[in-house]
Protein chains: 2
Amino acid sequence: MQATLERPLNGKLFLDDLHVGQRFSSGAHAIDEHQIKAFAGDFDPQPFHLDGDAAKNTIFGGLAASGWHTAAITMRLLVDGGAPIAGGIVGAGGEISWPKPTRPGDVLQVECEILEVTPSRSRPDRGMVTMRCETFNQRGETLQILTAKLVVPRHPA
Amino acid sequence: MQATLERPLNGKLFLDDLHVGQRFSSGAHAIDEHQIKAFAGDFDPQPFHLDGDAAKNTIFGGLAASGWHTAAITMRLLVDGGAPIAGGIVGAGGEISWPKPTRPGDVLQVECEILEVTPSRSRPDRGMVTMRCETFNQRGETLQILTAKLVVPRHPA
């Protein structure tokens with residue numbers, strides 16, 4: 001297939017190929033109770049992430065995934081094609097919120113939009129991109145909003 | 001042991017026990033190449049998180065942990081006593097940045113400070129706390145800064 005301006009190298013986009021308003025969609029990932037408890041056991045061992053019965057009497061009212069688990073799955077969906085950035089997805093930081101908990105049985109999917117594209121003044125080989133990524137479940141409920149600042153390479157000279 | 005005002009229930013702090021400027025320190029967690037690659041394989045399978053040789057020619061210049069891995073370890077350190085909040089550590093969201101990559105052999109430790117304590121107007125049983133948590137390695141280098149908004153219960157009436 002002939003490379004196009006928008007997808008110049010293995011379908012990956014350099015800074016020069018990105019523009020405000022550009023959108024990307026990821027594949028989907030189904031999360032279950034086993035995954036939720038395994039992640040929580042490693043990184044967030046609190047009752048509402050580990051035990052459905054214990055979770056009933058908490059603020060979550062039932063088993064919920066760690067927010068960091070939702071973030072990690074979101075990243076996996078972006079890496080697996082949800083955000084085809086040249087050089088990989090390298091985040092300097094960002095803002096994150098979790099409007100609703102991720103529950104067992106949810107099917108996660110990510111939609112991203114480019115908000116800002118800023119070439120670096122000091123480093124002519126790269127720039128900064130602000131990308132807003134919303135993680136939905138199969139009912140269209142927003143589970144996570146991540147506004148990330150990414151380091152993105154420019155086209156090799 | 002007699003409960004004190006600051007640590008009223010199993011050493012856990014309610015909204016009423018928290019004040020601006022209050023600080024907490026976590027234990028430590030040593031991260032190695034195996035952990036970095038395992039997390040990346042699950043959630044962030046990019047060359048600079050998976051393969052030391054491939055990482056040399058990337059922006060990281062060597063194997064580095066996924067930022068989400070640093071975030072997850074930070075959470076574990078907070079849950080394991082780094083932030084003794086009653087009702088658990090329940091984040092609504094926050095700001096995150098990774099000033100330096102986490103490397104194999106780094107020993108992570110978290111220091112938190114309470115920035116804001118705001119009782120809810122609509123929900124008299126809880127409030128919002130803003131907590132800034134810095135994750136350091138053994139050389140005192142800042143790997144992550146997380147400013148989190150937490151939902152914290154008030155003392156039972």
# chains A, B, ... in the order shown; residues from 1 in each chain; ligands from 1
>>> interface_residues(of="chain B", to="chain A", cutoff="8 Å", atoms="only C-alpha atoms", output="PyMOL selection string")
chain B and resi 42-46+58+67-68+71-73+75-76+79+87-88+91-99
>>> residues_around(residues="Leu18 (chain A)", least_positions_apart="6", cutoff="12 Å", atoms="only C-alpha atoms", output="PyMOL selection string")
chain A and resi 5-8+12+24+83-86+113-119+127-131+150+152-155
>>> calpha_fit_and_write(fixed="chain B", moving="chain A", output="PDB file with C-alpha atoms, in the first residue's frame")
ATOM      1  CA  MET A   1      -2.535   1.766  72.546  1.00  0.00           C
ATOM      2  CA  GLN A   2      -4.880   4.671  73.216  1.00  0.00           C
ATOM      3  CA  ALA A   3      -6.333   6.172  70.057  1.00  0.00           C
ATOM      4  CA  THR A   4      -5.332   9.765  69.472  1.00  0.00           C
ATOM      5  CA  LEU A   5      -7.146  12.518  67.623  1.00  0.00           C
ATOM      6  CA  GLU A   6      -4.834  12.114  64.661  1.00  0.00           C
ATOM      7  CA  ARG A   7      -5.205   8.325  64.375  1.00  0.00           C
ATOM      8  CA  PRO A   8      -8.681   7.530  65.629  1.00  0.00           C
ATOM      9  CA  LEU A   9      -9.512   4.100  64.151  1.00  0.00           C
ATOM     10  CA  ASN A  10      -6.876   1.463  63.449  1.00  0.00           C
ATOM     11  CA  GLY A  11      -4.535   4.333  62.741  1.00  0.00           C
ATOM     12  CA  LYS A  12      -6.733   5.527  59.866  1.00  0.00           C
ATOM     13  CA  LEU A  13      -7.548   9.198  59.353  1.00  0.00           C
ATOM     14  CA  PHE A  14     -10.973  10.653  58.610  1.00  0.00           C
ATOM     15  CA  LEU A  15     -11.510  13.974  56.844  1.00  0.00           C
ATOM     16  CA  ASP A  16     -11.747  15.667  60.244  1.00  0.00           C
ATOM     17  CA  ASP A  17      -8.272  14.378  61.159  1.00  0.00           C
ATOM     18  CA  LEU A  18      -6.572  15.789  58.069  1.00  0.00           C
ATOM     19  CA  HIS A  19      -5.114  19.258  57.722  1.00  0.00           C
ATOM     20  CA  VAL A  20      -3.173  21.236  55.147  1.00  0.00           C
ATOM     21  CA  GLY A  21       0.551  20.593  55.434  1.00  0.00           C
ATOM     22  CA  GLN A  22       0.145  17.128  56.998  1.00  0.00           C
ATOM     23  CA  ARG A  23       2.722  14.703  55.635  1.00  0.00           C
ATOM     24  CA  PHE A  24       2.968  10.956  55.180  1.00  0.00           C
ATOM     25  CA  SER A  25       5.809   8.646  54.186  1.00  0.00           C
ATOM     26  CA  SER A  26       5.561   5.228  52.592  1.00  0.00           C
ATOM     27  CA  GLY A  27       7.713   2.153  52.805  1.00  0.00           C
ATOM     28  CA  ALA A  28       9.986   1.248  49.894  1.00  0.00           C
ATOM     29  CA  HIS A  29       9.682  -0.973  46.837  1.00  0.00           C
ATOM     30  CA  ALA A  30      12.618  -2.181  44.746  1.00  0.00           C
ATOM     31  CA  ILE A  31      11.856  -2.578  41.047  1.00  0.00           C
ATOM     32  CA  ASP A  32      13.820  -4.870  38.753  1.00  0.00           C
ATOM     33  CA  GLU A  33      14.019  -5.710  35.078  1.00  0.00           C
ATOM     34  CA  HIS A  34      11.676  -8.670  35.482  1.00  0.00           C
ATOM     35  CA  GLN A  35       8.884  -6.562  37.013  1.00  0.00           C
ATOM     36  CA  ILE A  36       9.332  -3.839  34.382  1.00  0.00           C
ATOM     37  CA  LYS A  37       9.047  -6.292  31.485  1.00  0.00           C
ATOM     38  CA  ALA A  38       6.118  -8.191  33.035  1.00  0.00           C
ATOM     39  CA  PHE A  39       4.042  -5.034  33.558  1.00  0.00           C
ATOM     40  CA  ALA A  40       4.945  -3.764  30.090  1.00  0.00           C
ATOM     41  CA  GLY A  41       4.031  -7.090  28.522  1.00  0.00           C
ATOM     42  CA  ASP A  42       0.558  -6.795  29.999  1.00  0.00           C
ATOM     43  CA  PHE A  43      -0.132  -3.092  29.640  1.00  0.00           C
ATOM     44  CA  ASP A  44       2.519  -1.122  27.763  1.00  0.00           C
ATOM     45  CA  PRO A  45       4.331  -3.362  25.272  1.00  0.00           C
ATOM     46  CA  GLN A  46       6.733  -0.833  23.753  1.00  0.00           C
ATOM     47  CA  PRO A  47      10.416  -1.617  23.030  1.00  0.00           C
ATOM     48  CA  PHE A  48      11.814   0.793  25.671  1.00  0.00           C
ATOM     49  CA  HIS A  49       9.819  -1.054  28.382  1.00  0.00           C
ATOM     50  CA  LEU A  50      10.467  -4.605  27.108  1.00  0.00           C
ATOM     51  CA  ASP A  51      14.000  -4.898  25.787  1.00  0.00           C
ATOM     52  CA  GLY A  52      17.158  -3.245  27.133  1.00  0.00           C
ATOM     53  CA  ASP A  53      18.996  -3.443  23.806  1.00  0.00           C
ATOM     54  CA  ALA A  54      16.138  -2.049  21.752  1.00  0.00           C
ATOM     55  CA  ALA A  55      15.676   0.671  24.400  1.00  0.00           C
ATOM     56  CA  LYS A  56      19.202   2.033  23.803  1.00  0.00           C
ATOM     57  CA  ASN A  57      18.188   3.646  20.524  1.00  0.00           C
ATOM     58  CA  THR A  58      15.044   5.273  21.901  1.00  0.00           C
ATOM     59  CA  ILE A  59      14.313   8.502  23.757  1.00  0.00           C
ATOM     60  CA  PHE A  60      14.840   6.595  27.033  1.00  0.00           C
ATOM     61  CA  GLY A  61      18.382   5.438  26.171  1.00  0.00           C
ATOM     62  CA  GLY A  62      17.842   2.184  28.081  1.00  0.00           C
ATOM     63  CA  LEU A  63      15.187   0.045  29.725  1.00  0.00           C
ATOM     64  CA  ALA A  64      12.624   2.135  31.630  1.00  0.00           C
ATOM     65  CA  ALA A  65       9.423   1.246  33.436  1.00  0.00           C
ATOM     66  CA  SER A  66       6.066   2.304  32.030  1.00  0.00           C
ATOM     67  CA  GLY A  67       4.872   5.470  33.758  1.00  0.00           C
ATOM     68  CA  TRP A  68       1.706   3.550  34.633  1.00  0.00           C
ATOM     69  CA  HIS A  69       3.873   0.973  36.373  1.00  0.00           C
ATOM     70  CA  THR A  70       5.430   3.737  38.478  1.00  0.00           C
ATOM     71  CA  ALA A  71       1.892   4.957  39.225  1.00  0.00           C
ATOM     72  CA  ALA A  72       0.740   1.450  40.193  1.00  0.00           C
ATOM     73  CA  ILE A  73       3.713   0.898  42.528  1.00  0.00           C
ATOM     74  CA  THR A  74       3.095   4.321  44.053  1.00  0.00           C
ATOM     75  CA  MET A  75      -0.496   3.289  44.734  1.00  0.00           C
ATOM     76  CA  ARG A  76       0.673   0.059  46.350  1.00  0.00           C
ATOM     77  CA  LEU A  77       3.017   2.001  48.633  1.00  0.00           C
ATOM     78  CA  LEU A  78       0.173   4.363  49.597  1.00  0.00           C
ATOM     79  CA  VAL A  79      -2.224   1.487  50.298  1.00  0.00           C
ATOM     80  CA  ASP A  80       0.433  -0.314  52.357  1.00  0.00           C
ATOM     81  CA  GLY A  81       0.519   2.517  54.867  1.00  0.00           C
ATOM     82  CA  GLY A  82       1.874   5.465  52.928  1.00  0.00           C
ATOM     83  CA  ALA A  83      -1.457   7.315  53.241  1.00  0.00           C
ATOM     84  CA  PRO A  84      -3.517   6.050  56.195  1.00  0.00           C
ATOM     85  CA  ILE A  85      -6.926   7.318  55.043  1.00  0.00           C
ATOM     86  CA  ALA A  86     -10.122   5.903  56.594  1.00  0.00           C
ATOM     87  CA  GLY A  87     -12.320   4.105  54.057  1.00  0.00           C
ATOM     88  CA  GLY A  88      -9.329   3.468  51.813  1.00  0.00           C
ATOM     89  CA  ILE A  89      -7.652   5.494  49.118  1.00  0.00           C
ATOM     90  CA  VAL A  90     -10.354   6.439  46.643  1.00  0.00           C
ATOM     91  CA  GLY A  91      -9.202   8.782  43.933  1.00  0.00           C
ATOM     92  CA  ALA A  92     -11.544  10.835  41.774  1.00  0.00           C
ATOM     93  CA  GLY A  93      -8.637  11.888  39.603  1.00  0.00           C
ATOM     94  CA  GLY A  94      -5.598  14.086  39.568  1.00  0.00           C
ATOM     95  CA  GLU A  95      -2.534  15.324  37.774  1.00  0.00           C
ATOM     96  CA  ILE A  96       0.453  13.116  37.106  1.00  0.00           C
ATOM     97  CA  SER A  97       3.904  13.721  35.694  1.00  0.00           C
ATOM     98  CA  TRP A  98       7.030  11.659  35.289  1.00  0.00           C
ATOM     99  CA  PRO A  99      10.088  13.947  35.409  1.00  0.00           C
ATOM    100  CA  LYS A 100      12.529  11.001  35.124  1.00  0.00           C
ATOM    101  CA  PRO A 101      12.096   7.390  34.001  1.00  0.00           C
ATOM    102  CA  THR A 102      12.032   4.591  36.590  1.00  0.00           C
ATOM    103  CA  ARG A 103      14.962   2.228  35.935  1.00  0.00           C
ATOM    104  CA  PRO A 104      15.757  -1.365  36.912  1.00  0.00           C
ATOM    105  CA  GLY A 105      17.309  -1.333  40.392  1.00  0.00           C
ATOM    106  CA  ASP A 106      15.473   1.787  41.531  1.00  0.00           C
ATOM    107  CA  VAL A 107      14.025   1.678  45.036  1.00  0.00           C
ATOM    108  CA  LEU A 108      10.787   3.656  45.091  1.00  0.00           C
ATOM    109  CA  GLN A 109       9.450   5.544  48.080  1.00  0.00           C
ATOM    110  CA  VAL A 110       6.582   8.027  48.320  1.00  0.00           C
ATOM    111  CA  GLU A 111       6.196  11.242  50.325  1.00  0.00           C
ATOM    112  CA  CYS A 112       2.780  12.893  50.454  1.00  0.00           C
ATOM    113  CA  GLU A 113       1.510  16.222  51.668  1.00  0.00           C
ATOM    114  CA  ILE A 114      -2.093  17.346  52.161  1.00  0.00           C
ATOM    115  CA  LEU A 115      -2.752  20.485  50.090  1.00  0.00           C
ATOM    116  CA  GLU A 116      -6.465  20.984  50.613  1.00  0.00           C
ATOM    117  CA  VAL A 117      -9.309  19.612  52.773  1.00  0.00           C
ATOM    118  CA  THR A 118     -12.839  20.442  51.623  1.00  0.00           C
ATOM    119  CA  PRO A 119     -15.974  19.080  53.320  1.00  0.00           C
ATOM    120  CA  SER A 120     -18.722  18.289  50.813  1.00  0.00           C
ATOM    121  CA  ARG A 121     -21.710  20.647  50.832  1.00  0.00           C
ATOM    122  CA  SER A 122     -24.125  18.109  49.417  1.00  0.00           C
ATOM    123  CA  ARG A 123     -22.818  14.979  51.208  1.00  0.00           C
ATOM    124  CA  PRO A 124     -22.307  15.594  54.938  1.00  0.00           C
ATOM    125  CA  ASP A 125     -20.633  12.182  55.377  1.00  0.00           C
ATOM    126  CA  ARG A 126     -17.582  12.965  53.241  1.00  0.00           C
ATOM    127  CA  GLY A 127     -15.276  15.505  51.676  1.00  0.00           C
ATOM    128  CA  MET A 128     -12.516  15.977  49.135  1.00  0.00           C
ATOM    129  CA  VAL A 129      -8.823  16.026  49.935  1.00  0.00           C
ATOM    130  CA  THR A 130      -6.075  17.132  47.566  1.00  0.00           C
ATOM    131  CA  MET A 131      -2.844  15.282  48.272  1.00  0.00           C
ATOM    132  CA  ARG A 132       0.470  15.764  46.494  1.00  0.00           C
ATOM    133  CA  CYS A 133       2.595  12.612  46.393  1.00  0.00           C
ATOM    134  CA  GLU A 134       6.133  12.546  45.144  1.00  0.00           C
ATOM    135  CA  THR A 135       7.758   9.231  44.233  1.00  0.00           C
ATOM    136  CA  PHE A 136      11.538   9.161  44.686  1.00  0.00           C
ATOM    137  CA  ASN A 137      14.246   6.641  43.971  1.00  0.00           C
ATOM    138  CA  GLN A 138      17.137   5.799  46.301  1.00  0.00           C
ATOM    139  CA  ARG A 139      19.171   8.725  44.907  1.00  0.00           C
ATOM    140  CA  GLY A 140      16.447  11.192  45.804  1.00  0.00           C
ATOM    141  CA  GLU A 141      15.505  11.731  42.162  1.00  0.00           C
ATOM    142  CA  THR A 142      11.834  12.510  41.577  1.00  0.00           C
ATOM    143  CA  LEU A 143      10.290   9.870  39.316  1.00  0.00           C
ATOM    144  CA  GLN A 144       6.656  10.882  39.614  1.00  0.00           C
ATOM    145  CA  ILE A 145       4.551  13.715  40.975  1.00  0.00           C
ATOM    146  CA  LEU A 146       0.905  12.907  41.549  1.00  0.00           C
ATOM    147  CA  THR A 147      -1.552  15.495  42.808  1.00  0.00           C
ATOM    148  CA  ALA A 148      -4.629  13.429  43.589  1.00  0.00           C
ATOM    149  CA  LYS A 149      -8.161  14.322  44.588  1.00  0.00           C
ATOM    150  CA  LEU A 150      -9.396  11.805  47.144  1.00  0.00           C
ATOM    151  CA  VAL A 151     -12.857  11.128  48.500  1.00  0.00           C
ATOM    152  CA  VAL A 152     -12.510  10.855  52.298  1.00  0.00           C
ATOM    153  CA  PRO A 153     -15.248   9.981  54.823  1.00  0.00           C
ATOM    154  CA  ARG A 154     -15.980  12.133  57.868  1.00  0.00           C
ATOM    155  CA  HIS A 155     -16.101  10.708  61.376  1.00  0.00           C
ATOM    156  CA  PRO A 156     -19.271   8.661  61.829  1.00  0.00           C
ATOM    157  CA  ALA A 157     -21.699  10.911  63.717  1.00  0.00           C
TER     158      ALA A 157
END
>>> select_by_dssp(residues="region 13-148 of chain B", states="strand (DSSP E)", output="PyMOL selection string")
chain B and resi 23-30+91-97+107-119+126-136+142-148
>>> select_by_dssp(residues="region 24-140 of chain B", states="helix (DSSP H, G or I)", output="MDAnalysis selection string")
chainID B and resid 33:43 47:50 52:56 67:82
>>> write_last_selection(atoms="C-alpha atoms", output="PDB file, in the first residue's frame")
ATOM      1  CA  GLU B  33      14.041  -5.703  35.057  1.00  0.00           C
ATOM      2  CA  HIS B  34      11.719  -8.664  35.477  1.00  0.00           C
ATOM      3  CA  GLN B  35       8.935  -6.549  37.021  1.00  0.00           C
ATOM      4  CA  ILE B  36       9.357  -3.849  34.387  1.00  0.00           C
ATOM      5  CA  LYS B  37       9.069  -6.311  31.498  1.00  0.00           C
ATOM      6  CA  ALA B  38       6.158  -8.218  33.073  1.00  0.00           C
ATOM      7  CA  PHE B  39       4.071  -5.068  33.591  1.00  0.00           C
ATOM      8  CA  ALA B  40       4.950  -3.800  30.110  1.00  0.00           C
ATOM      9  CA  GLY B  41       4.043  -7.146  28.553  1.00  0.00           C
ATOM     10  CA  ASP B  42       0.576  -6.856  30.072  1.00  0.00           C
ATOM     11  CA  PHE B  43      -0.125  -3.148  29.694  1.00  0.00           C
ATOM     12  CA  PRO B  47      10.384  -1.683  23.017  1.00  0.00           C
ATOM     13  CA  PHE B  48      11.771   0.735  25.627  1.00  0.00           C
ATOM     14  CA  HIS B  49       9.806  -1.090  28.370  1.00  0.00           C
ATOM     15  CA  LEU B  50      10.449  -4.636  27.102  1.00  0.00           C
ATOM     16  CA  GLY B  52      17.144  -3.269  27.085  1.00  0.00           C
ATOM     17  CA  ASP B  53      18.973  -3.471  23.748  1.00  0.00           C
ATOM     18  CA  ALA B  54      16.090  -2.095  21.711  1.00  0.00           C
ATOM     19  CA  ALA B  55      15.623   0.640  24.343  1.00  0.00           C
ATOM     20  CA  LYS B  56      19.148   2.018  23.739  1.00  0.00           C
ATOM     21  CA  GLY B  67       4.870   5.444  33.747  1.00  0.00           C
ATOM     22  CA  TRP B  68       1.711   3.523  34.637  1.00  0.00           C
ATOM     23  CA  HIS B  69       3.885   0.964  36.399  1.00  0.00           C
ATOM     24  CA  THR B  70       5.454   3.737  38.478  1.00  0.00           C
ATOM     25  CA  ALA B  71       1.917   4.953  39.232  1.00  0.00           C
ATOM     26  CA  ALA B  72       0.784   1.452  40.219  1.00  0.00           C
ATOM     27  CA  ILE B  73       3.769   0.906  42.546  1.00  0.00           C
ATOM     28  CA  THR B  74       3.143   4.344  44.057  1.00  0.00           C
ATOM     29  CA  MET B  75      -0.450   3.291  44.761  1.00  0.00           C
ATOM     30  CA  ARG B  76       0.737   0.079  46.394  1.00  0.00           C
ATOM     31  CA  LEU B  77       3.094   2.034  48.643  1.00  0.00           C
ATOM     32  CA  LEU B  78       0.241   4.388  49.614  1.00  0.00           C
ATOM     33  CA  VAL B  79      -2.146   1.509  50.336  1.00  0.00           C
ATOM     34  CA  ASP B  80       0.533  -0.269  52.388  1.00  0.00           C
ATOM     35  CA  GLY B  81       0.605   2.553  54.902  1.00  0.00           C
ATOM     36  CA  GLY B  82       1.939   5.514  52.934  1.00  0.00           C
TER      37      GLY B  82
END
